[in-house]
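Novice: For reference, the file work_17.cif (mmCIF, C-alpha atoms) is included below:
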```
data_protein
loop_
_atom_site.label_atom_id
_atom_site.label_comp_id
_atom_site.auth_asym_id
_atom_site.auth_seq_id
_atom_site.Cartn_x
_atom_site.Cartn_y
_atom_site.Cartn_z
CA MET R 592 2.81 17.69 17.92
CA THR R 593 3.96 14.81 20.04
CA GLY R 594 2.45 12.72 22.80
CA GLY R 595 3.79 12.75 26.36
CA ASP R 596 6.54 10.29 25.47
CA GLY R 597 7.67 12.27 22.41
CA THR R 598 6.01 10.08 19.75
CA PRO R 599 4.09 12.00 17.09
CA MET R 600 0.29 12.21 17.22
CA VAL R 601 -2.13 11.20 14.50
CA GLY R 602 -3.37 14.24 12.57
CA ILE R 603 -6.99 14.80 11.57
CA VAL R 604 -8.44 16.67 8.57
CA LEU R 605 -12.10 17.66 8.35
CA VAL R 606 -13.30 17.70 4.75
CA SER R 607 -16.58 19.53 4.27
CA HIS R 608 -18.64 21.23 1.58
CA SER R 609 -18.71 24.25 3.85
CA ALA R 610 -15.70 26.22 5.08
CA GLY R 611 -17.70 27.43 8.08
CA LEU R 612 -18.87 23.96 9.07
CA ALA R 613 -15.35 22.49 8.94
CA ALA R 614 -13.88 25.42 10.88
CA GLU R 615 -16.54 25.27 13.59
CA VAL R 616 -16.24 21.51 14.06
CA VAL R 617 -12.48 22.00 14.40
CA ALA R 618 -13.11 24.69 17.06
CA LEU R 619 -15.60 22.49 18.91
CA ALA R 620 -13.39 19.40 18.82
CA ALA R 621 -10.34 21.36 19.94
CA ALA R 622 -12.30 22.80 22.86
CA ILE R 623 -13.63 19.39 23.92
CA GLY R 624 -10.83 17.12 22.84
CA GLY R 625 -7.76 19.21 23.39
CA HIS R 626 -5.60 21.64 21.51
CA GLU R 627 -2.56 19.38 21.17
CA VAL R 628 -3.83 17.43 18.18
CA ARG R 629 -3.14 18.69 14.68
CA LEU R 630 -6.72 19.19 13.56
CA VAL R 631 -7.15 21.03 10.26
CA ALA R 632 -10.26 22.23 8.42
CA ALA R 633 -10.57 21.84 4.64
CA GLY R 634 -14.01 23.16 3.76
CA GLY R 635 -15.55 24.80 0.70
CA THR R 636 -14.19 25.48 -2.75
CA ASP R 637 -11.14 27.58 -3.65
CA GLU R 638 -13.54 30.42 -4.46
CA GLY R 639 -15.18 30.16 -1.02
CA GLY R 640 -18.35 28.50 -2.32
CA VAL R 641 -20.08 25.30 -1.29
CA GLY R 642 -18.14 22.26 -2.52
CA THR R 643 -14.81 20.53 -2.07
CA SER R 644 -11.31 21.65 -3.02
CA ALA R 645 -8.73 18.93 -3.64
CA ASP R 646 -5.99 21.56 -3.23
CA LYS R 647 -7.31 22.63 0.19
CA VAL R 648 -7.52 19.01 1.33
CA ALA R 649 -3.99 18.25 0.08
CA ALA R 650 -2.60 21.29 1.93
CA ALA R 651 -4.51 20.33 5.08
CA ILE R 652 -3.08 16.80 4.98
CA GLU R 653 0.42 18.24 4.83
CA GLU R 654 -0.31 20.54 7.77
CA ALA R 655 -1.86 17.75 9.87
CA ASP R 656 0.90 15.24 9.22
CA ALA R 657 3.25 14.91 12.17
CA GLY R 658 4.58 11.53 11.08
CA ALA R 659 1.99 9.27 12.73
CA GLY R 660 -0.48 9.34 9.86
CA VAL R 661 -3.52 11.45 9.02
CA ILE R 662 -7.21 10.60 9.25
CA LEU R 663 -9.60 12.30 6.84
CA ILE R 664 -13.17 12.82 8.05
CA PRO R 665 -15.48 13.87 5.17
CA ASP R 666 -19.07 15.06 5.50
CA LEU R 667 -20.75 13.74 2.33
CA GLY R 668 -20.81 13.52 -1.46
CA SER R 669 -17.83 15.14 -3.16
CA SER R 670 -16.02 15.46 0.18
CA VAL R 671 -16.02 11.67 0.46
CA LEU R 672 -14.83 11.24 -3.13
CA THR R 673 -12.09 13.86 -2.78
CA ALA R 674 -10.91 12.34 0.50
CA ARG R 675 -10.79 8.87 -1.09
CA LEU R 676 -8.74 10.23 -4.00
CA LEU R 677 -6.15 11.72 -1.67
CA ALA R 678 -5.90 8.69 0.65
CA GLU R 679 -2.56 6.87 0.79
CA PRO R 680 -2.17 3.29 2.00
CA ASP R 681 -1.57 3.23 5.78
CA SER R 682 -0.56 6.91 6.07
CA VAL R 683 -3.65 8.89 4.96
CA VAL R 684 -6.89 7.06 5.74
CA VAL R 685 -10.56 8.02 5.25
CA ALA R 686 -12.76 7.45 8.29
CA ASP R 687 -16.36 6.43 7.50
CA VAL R 688 -17.81 8.11 10.59
CA PRO R 689 -20.38 10.71 11.72
CA PHE R 690 -18.84 14.14 11.09
CA VAL R 691 -19.19 15.66 14.56
CA GLU R 692 -19.22 12.65 16.87
CA GLY R 693 -16.53 10.83 14.91
CA THR R 694 -14.28 13.89 14.99
CA ILE R 695 -14.60 14.33 18.76
CA ALA R 696 -13.86 10.64 19.36
CA ALA R 697 -10.87 10.76 17.01
CA VAL R 698 -9.43 13.94 18.55
CA VAL R 699 -9.72 12.67 22.12
CA THR R 700 -8.06 9.37 21.16
CA ALA R 701 -5.36 11.00 19.06
CA GLY R 702 -4.67 13.45 21.90
CA ALA R 703 -3.99 10.49 24.19
CA GLY R 704 -1.18 9.49 21.84
CA ALA R 705 -2.96 6.46 20.37
CA PRO R 706 -1.78 5.04 17.02
CA MET R 707 -3.71 5.32 13.75
CA GLU R 708 -5.71 2.06 14.09
CA ALA R 709 -6.89 2.99 17.58
CA VAL R 710 -7.92 6.52 16.54
CA LEU R 711 -9.79 5.10 13.57
CA ALA R 712 -11.51 2.47 15.74
CA ALA R 713 -12.56 5.10 18.30
CA ALA R 714 -14.01 7.29 15.54
CA GLU R 715 -15.90 4.36 14.05
CA GLU R 716 -17.32 3.49 17.47
CA ALA R 717 -18.99 6.91 17.44
CA ARG R 718 -21.39 5.52 14.87
CA SER R 719 -23.11 3.41 17.55
CA PHE R 720 -23.23 6.08 20.28
CA ARG R 721 -26.85 6.61 21.28
CA LYS R 722 -27.83 10.11 22.38
CA LEU R 723 -30.92 8.96 24.29
CA GLY R 724 -29.41 5.82 25.78
CA MET C 1422 -5.48 8.57 -32.38
CA ASP C 1423 -2.62 10.92 -31.52
CA THR C 1424 -2.12 13.76 -29.03
CA PRO C 1425 -3.89 16.39 -31.19
CA PHE C 1426 -6.87 14.02 -31.40
CA PHE C 1427 -7.21 13.92 -27.62
CA THR C 1428 -6.71 17.69 -27.34
CA ALA C 1429 -9.46 18.10 -29.97
CA TRP C 1430 -11.69 15.74 -27.96
CA PHE C 1431 -11.32 17.99 -24.90
CA GLU C 1432 -12.01 21.07 -27.06
CA GLU C 1433 -15.18 19.40 -28.29
CA ILE C 1434 -16.24 18.43 -24.75
CA THR C 1435 -15.61 21.99 -23.53
CA ASP C 1436 -17.74 23.42 -26.34
CA VAL C 1437 -20.61 20.99 -25.91
CA VAL C 1438 -20.65 21.33 -22.11
CA ALA C 1439 -20.76 25.14 -22.47
CA VAL C 1440 -23.74 24.80 -24.86
CA GLN C 1441 -25.50 22.22 -22.65
CA ARG C 1442 -24.64 23.91 -19.36
CA GLU C 1443 -28.18 25.08 -18.61
CA HIS C 1444 -29.68 21.74 -19.62
CA LEU C 1445 -27.35 19.85 -17.26
CA THR C 1446 -28.12 22.31 -14.48
CA GLU C 1447 -31.86 21.86 -15.05
CA LEU C 1448 -31.49 18.08 -14.78
CA ASP C 1449 -29.48 18.55 -11.60
CA ALA C 1450 -32.00 21.04 -10.17
CA ALA C 1451 -34.67 18.33 -10.32
CA ILE C 1452 -32.86 15.79 -8.14
CA GLY C 1453 -29.49 17.28 -7.18
CA ASP C 1454 -28.05 20.63 -6.15
CA ALA C 1455 -28.28 22.43 -9.50
CA ASP C 1456 -24.54 22.87 -10.00
CA HIS C 1457 -23.63 20.12 -12.48
CA GLY C 1458 -23.67 22.35 -15.59
CA ALA C 1459 -21.72 25.16 -13.94
CA ASN C 1460 -19.22 22.75 -12.35
CA LEU C 1461 -18.45 20.89 -15.57
CA ASP C 1462 -18.31 24.12 -17.58
CA ARG C 1463 -15.74 25.54 -15.16
CA GLY C 1464 -13.83 22.25 -15.05
CA PHE C 1465 -13.51 21.68 -18.80
CA LYS C 1466 -12.66 25.34 -19.45
CA ALA C 1467 -9.82 24.85 -16.95
CA VAL C 1468 -8.82 21.70 -18.86
CA ARG C 1469 -8.68 23.67 -22.11
CA GLU C 1470 -6.49 26.29 -20.45
CA ALA C 1471 -4.21 23.67 -18.89
CA LEU C 1472 -3.73 21.86 -22.21
CA ALA C 1473 -2.95 25.16 -23.96
CA ALA C 1474 -0.58 26.33 -21.23
CA LYS C 1475 1.40 23.11 -21.19
CA PRO C 1476 0.86 21.13 -24.40
CA PRO C 1477 1.10 17.45 -23.49
CA ALA C 1478 3.69 15.22 -25.14
CA SER C 1479 1.46 12.15 -25.48
CA PRO C 1480 -2.20 11.12 -25.41
CA GLY C 1481 -1.61 9.65 -21.94
CA ALA C 1482 -0.18 12.94 -20.68
CA ALA C 1483 -3.15 14.85 -22.11
CA LEU C 1484 -5.61 12.52 -20.38
CA VAL C 1485 -3.80 12.64 -17.03
CA LEU C 1486 -3.50 16.45 -17.16
CA ALA C 1487 -7.21 16.76 -17.98
CA GLY C 1488 -8.14 14.40 -15.14
CA SER C 1489 -5.96 16.15 -12.58
CA THR C 1490 -7.35 19.53 -13.63
CA LEU C 1491 -10.94 18.33 -13.22
CA ILE C 1492 -10.18 16.98 -9.74
CA ARG C 1493 -8.74 20.36 -8.73
CA LYS C 1494 -11.24 22.67 -10.41
CA VAL C 1495 -14.73 21.17 -10.36
CA GLY C 1496 -15.61 21.28 -6.66
CA GLY C 1497 -18.53 18.85 -6.92
CA ALA C 1498 -18.68 15.05 -7.03
CA SER C 1499 -18.23 15.06 -10.81
CA GLY C 1500 -14.67 16.41 -10.38
CA PRO C 1501 -13.19 13.42 -8.58
CA LEU C 1502 -15.29 11.04 -10.71
CA TYR C 1503 -14.51 12.41 -14.19
CA GLY C 1504 -11.00 13.28 -13.02
CA THR C 1505 -10.43 9.66 -12.03
CA ALA C 1506 -11.95 8.45 -15.30
CA PHE C 1507 -9.53 10.49 -17.44
CA ARG C 1508 -6.52 9.80 -15.22
CA GLU C 1509 -7.19 6.05 -15.35
CA MET C 1510 -7.51 6.30 -19.14
CA GLY C 1511 -4.19 8.15 -19.24
CA LYS C 1512 -2.48 5.54 -17.10
CA ALA C 1513 -3.91 2.76 -19.29
CA VAL C 1514 -2.51 4.25 -22.52
CA GLY C 1515 0.84 4.98 -20.87
CA ASP C 1516 3.29 6.88 -23.08
CA ALA C 1517 2.12 5.42 -26.39
CA PRO C 1518 2.35 8.15 -29.09
CA GLU C 1519 -0.70 6.70 -30.87
CA VAL C 1520 -3.73 5.06 -29.29
CA SER C 1521 -5.26 2.19 -31.26
CA PRO C 1522 -8.98 1.42 -30.96
CA GLU C 1523 -8.03 -1.69 -28.95
CA LEU C 1524 -6.00 0.41 -26.51
CA LEU C 1525 -8.78 2.99 -26.23
CA ALA C 1526 -11.19 0.15 -25.40
CA GLU C 1527 -8.86 -0.88 -22.58
CA ALA C 1528 -8.55 2.73 -21.43
CA LEU C 1529 -12.32 3.19 -21.33
CA ALA C 1530 -12.65 -0.01 -19.30
CA ALA C 1531 -10.02 1.36 -16.89
CA ALA C 1532 -12.00 4.61 -16.62
CA LEU C 1533 -15.15 2.68 -15.71
CA ALA C 1534 -13.29 0.57 -13.15
CA GLY C 1535 -11.80 3.70 -11.55
CA VAL C 1536 -15.17 5.46 -11.34
CA GLN C 1537 -16.84 2.39 -9.82
CA LYS C 1538 -14.07 1.90 -7.28
CA LEU C 1539 -14.18 5.53 -6.17
CA GLY C 1540 -17.95 5.98 -6.11
CA SER C 1541 -18.94 2.38 -5.25
CA ALA C 1542 -21.74 2.63 -7.82
CA GLU C 1543 -23.23 -0.26 -9.76
CA GLU C 1544 -25.33 -0.17 -12.90
CA GLY C 1545 -28.92 0.69 -12.01
CA ASP C 1546 -27.97 3.11 -9.21
CA LYS C 1547 -28.93 6.06 -11.45
CA THR C 1548 -25.44 7.48 -11.91
CA MET C 1549 -22.92 8.16 -14.69
CA VAL C 1550 -22.10 4.44 -14.55
CA ASP C 1551 -25.45 3.77 -16.26
CA ALA C 1552 -24.17 5.58 -19.36
CA LEU C 1553 -20.48 4.69 -19.10
CA ALA C 1554 -20.77 0.93 -18.57
CA PRO C 1555 -22.90 0.20 -21.66
CA ALA C 1556 -20.71 2.59 -23.68
CA VAL C 1557 -17.56 0.73 -22.66
CA ARG C 1558 -19.17 -2.60 -23.59
CA ALA C 1559 -20.42 -1.25 -26.93
CA PHE C 1560 -17.01 0.25 -27.78
CA SER C 1561 -15.19 -3.04 -27.07
CA GLN C 1562 -17.76 -5.08 -28.97
CA ALA C 1563 -17.51 -2.81 -32.01
CA VAL C 1564 -13.69 -2.98 -31.94
CA ARG C 1565 -13.91 -6.78 -31.92
CA ASP C 1566 -16.51 -6.81 -34.72
CA GLY C 1567 -14.73 -4.20 -36.82
CA GLY C 1568 -17.58 -1.71 -36.42
CA ASP C 1569 -17.64 2.02 -35.68
CA ALA C 1570 -16.66 1.90 -32.01
CA PRO C 1571 -17.07 5.62 -31.12
CA GLU C 1572 -20.49 5.63 -32.83
CA ALA C 1573 -21.56 2.51 -30.91
CA ALA C 1574 -20.30 3.93 -27.61
CA ALA C 1575 -22.03 7.29 -28.11
CA ARG C 1576 -25.33 5.59 -28.91
CA ALA C 1577 -25.07 3.20 -25.95
CA ALA C 1578 -24.27 6.09 -23.59
CA LEU C 1579 -27.26 8.09 -24.83
CA GLU C 1580 -29.56 5.08 -24.41
CA GLY C 1581 -28.07 4.36 -20.98
CA ALA C 1582 -28.65 7.95 -19.88
CA ALA C 1583 -32.26 7.88 -21.09
CA ALA C 1584 -32.77 4.59 -19.27
CA THR C 1585 -31.95 6.30 -15.94
CA ILE C 1586 -35.23 8.27 -16.11
CA PRO C 1587 -37.47 5.68 -14.39
CA LEU C 1588 -34.77 4.58 -11.94
CA THR C 1589 -34.68 5.40 -8.22
CA ALA C 1590 -31.33 6.91 -7.23
CA ARG C 1591 -29.16 4.88 -4.88
CA LYS C 1592 -26.10 7.16 -4.79
CA GLY C 1593 -25.44 10.81 -4.10
CA ARG C 1594 -27.82 13.57 -3.07
CA ALA C 1595 -30.64 12.22 -5.25
CA SER C 1596 -30.71 9.02 -3.18
CA TYR C 1597 -32.18 10.98 -0.25
CA LEU C 1598 -35.24 11.59 -2.43
CA GLY C 1599 -35.92 7.87 -2.73
CA PRO C 1600 -38.81 7.15 -5.13
CA ARG C 1601 -39.18 10.88 -5.85
CA SER C 1602 -35.92 10.69 -7.82
CA ALA C 1603 -37.71 8.56 -10.45
CA GLY C 1604 -38.95 10.37 -13.55
CA HIS C 1605 -35.78 12.45 -14.02
CA GLU C 1606 -32.70 11.73 -16.12
CA ASP C 1607 -29.52 11.47 -14.09
CA PRO C 1608 -27.34 14.53 -14.81
CA GLY C 1609 -24.09 12.54 -14.53
CA ALA C 1610 -25.33 9.97 -17.03
CA ALA C 1611 -26.41 12.82 -19.32
CA SER C 1612 -22.98 14.49 -19.20
CA THR C 1613 -21.25 11.14 -19.78
CA ALA C 1614 -23.36 10.77 -22.94
CA LEU C 1615 -22.22 14.25 -24.06
CA ILE C 1616 -18.56 13.34 -23.49
CA LEU C 1617 -18.86 10.15 -25.55
CA GLU C 1618 -20.79 11.98 -28.28
CA ALA C 1619 -17.89 14.46 -28.33
CA LEU C 1620 -15.50 11.51 -28.85
CA ARG C 1621 -17.57 10.36 -31.82
CA ALA C 1622 -17.71 13.87 -33.26
CA THR C 1623 -13.95 14.31 -32.87
CA GLY C 1624 -13.34 11.11 -34.83
CA THR C 1625 -15.40 12.29 -37.79
CA ARG C 1626 -13.45 15.51 -38.27
#
```
How does the structure come out when it is put into structure tokens?

Specialist:
Amino acid sequence: MTGGDGTPMVGIVLVSHSAGLAAEVVALAAAIGGHEVRLVAAGGTDEGGVGTSADKVAAAIEEADAGAGVILIPDLGSSVLTARLLAEPDSVVVADVPFVEGTIAAVVTAGAGAPMEAVLAAAEEARSFRKLG
Amino acid sequence: MDTPFFTAWFEEITDVVAVQREHLTELDAAIGDADHGANLDRGFKAVREALAAKPPASPGAALVLAGSTLIRKVGGASGPLYGTAFREMGKAVGDAPEVSPELLAEALAAALAGVQKLGSAEEGDKTMVDALAPAVRAFSQAVRDGGDAPEAAARAALEGAAATIPLTARKGRASYLGPRSAGHEDPGAASTALILEALRATGTR
């Protein structure tokens, strides 16, 4: 996918213990943030159980990569460790952000054609969003 | 220590993890999500299959293959952590056909460094680091003193694992329990002790 001026967009991979959780956050973020961004779910184990699959995450990174880098958003525990293992300097980066709010912020920013650092910064800002003002 | 030695070490680990599977799961049920025994059992059985399917040409290749297999097959936090430990060991020994005790000491130190970098855990956090770090120190010390390094490492790991019982967890799922995590042995420290005991046992064959 490319931004309005033809430059590629940052891709986003959701890494979760749960296939359902990752898929639903992808659906929610696409609905709110736009369908143009390459947003890929990598949830659950290869056998469909609760846990993380390095193979699923690696495949999702490939699918999300449009040439502008990929941000990995893990939920917790082994998802964080697996994401860190598959990170690559500058091109595949783990975002230390709230799973839902960080994803929405990242998708909206990526959809506007912003570069990696800006998408990451927007996602990290989600940490300080207050729901009750 | 040559390639068959490292293959035998993984055989030994696979056997002991299969035997201790329920014990590890019980430890994990107390403060974790009760999957540590099953995850490691599945992971090391996959390692045994991978080593049999594609016999490695060097100790380093065996260690890297084992580590990569664990990362792919375990599904829990222990996969990336043990996977990194063995891969870092493999990278540290390189393509040497024989691993000297001095080189194994370096490799174990590299394993510890990799685990700590990935998991950001320090000693005292009630994790596998509490067994691995003293074992690495004991192994190196014994190599320098001309002692039985695998024996020293196995003992230090066992003592380190036991010493996690009164600790409050600061990493992983158990950390959510706060003070309620005290009074239980950390499952990761317990499995690390099994792996180092398997190294000792392999050396006495």

Novice: Between R:Gly724, R:Gly642, R:Gly693, R:Gly597, which is the closest to Ala712 in chain R once you count only C-alpha atoms?

Specialist: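 Going through R:Gly724, R:Gly642, R:Gly693, R:Gly597 one by one, the smallest distance to Ala712 in chain R is for R:Gly693.
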
Novice: Report as CSV the residues of chain C within 6 Å of chain R, each with its shortest atom pair and distance in Å (one decimal), using all atoms listed in the file, ordered by chain and increasing residue number.

Specialist:
```
residue,atom,partner,partner_atom,distance
C:Arg1493,CA,R:Ala645,CA,5.3
C:Gly1496,CA,R:Thr643,CA,4.7
C:Gly1497,CA,R:Ser669,CA,5.3
C:Ala1498,CA,R:Ser669,CA,4.0
C:Pro1501,CA,R:Thr673,CA,5.9
C:Gly1593,CA,R:Gly668,CA,6.0
```

Novice: Between CA of Glu654 in chain R and CA of Val631 in chain R, measure the distance and give it in Å to one decimal.

Specialist: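 Taking CA of Glu654 in chain R as the start and CA of Val631 in chain R as the end point, the length is 7.3 Å.
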
Novice: Of the candidates R:Leu663, R:Glu692, R:Val628, R:Ser719, which one gets nearest to Val601 in chain R if we count only C-alpha atoms?

Specialist: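 Counting only C-alpha atoms, the residue closest to Val601 in chain R is R:Val628.
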
Novice: Apply the PyMOL selection byres ((chain C and resi 1610) around 7) to the displayed file and report the matching residues as a ChimeraX atom specification.

Specialist: /C:1548-1552,1582,1607-1609,1611-1614

Novice: Identify which of the residues R:Leu612, R:Leu630, R:Ile662, R:Ala717 lies closest to Ala678 in chain R, counting all atoms listed in the file when measuring atom-to-atom distances.

Specialist: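 Going through R:Leu612, R:Leu630, R:Ile662, R:Ala717 one by one, the smallest distance to Ala678 in chain R is for R:Ile662.
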
Novice: For Phe1431 in chain C, which of C:His1457, C:Arg1469, C:Arg1558, C:Arg1463 is the closest residue, counting only C-alpha atoms?

Specialist: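 Among the listed residues, the smallest separation from Phe1431 in chain C belongs to C:Arg1469.
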
Novice: What's the 10 Å shell around Ala632 in chain R, counting all atoms listed in the file, without same-chain residues fewer than 2 positions away, as a CSV table (one decimal) with C-alpha atoms, keeping the file's coordinate frame?

Specialist:
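Contents of out29.csv, as written:
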```
chain,number,residue,atom,x,y,z
R,603,ILE,CA,-7.0,14.8,11.6
R,604,VAL,CA,-8.4,16.7,8.6
R,605,LEU,CA,-12.1,17.7,8.4
R,606,VAL,CA,-13.3,17.7,4.8
R,607,SER,CA,-16.6,19.5,4.3
R,609,SER,CA,-18.7,24.2,3.8
R,610,ALA,CA,-15.7,26.2,5.1
R,611,GLY,CA,-17.7,27.4,8.1
R,612,LEU,CA,-18.9,24.0,9.1
R,613,ALA,CA,-15.4,22.5,8.9
R,614,ALA,CA,-13.9,25.4,10.9
R,615,GLU,CA,-16.5,25.3,13.6
R,616,VAL,CA,-16.2,21.5,14.1
R,617,VAL,CA,-12.5,22.0,14.4
R,618,ALA,CA,-13.1,24.7,17.1
R,630,LEU,CA,-6.7,19.2,13.6
R,634,GLY,CA,-14.0,23.2,3.8
R,635,GLY,CA,-15.6,24.8,0.7
R,647,LYS,CA,-7.3,22.6,0.2
R,648,VAL,CA,-7.5,19.0,1.3
R,651,ALA,CA,-4.5,20.3,5.1
R,652,ILE,CA,-3.1,16.8,5.0
R,655,ALA,CA,-1.9,17.8,9.9
R,664,ILE,CA,-13.2,12.8,8.0
```
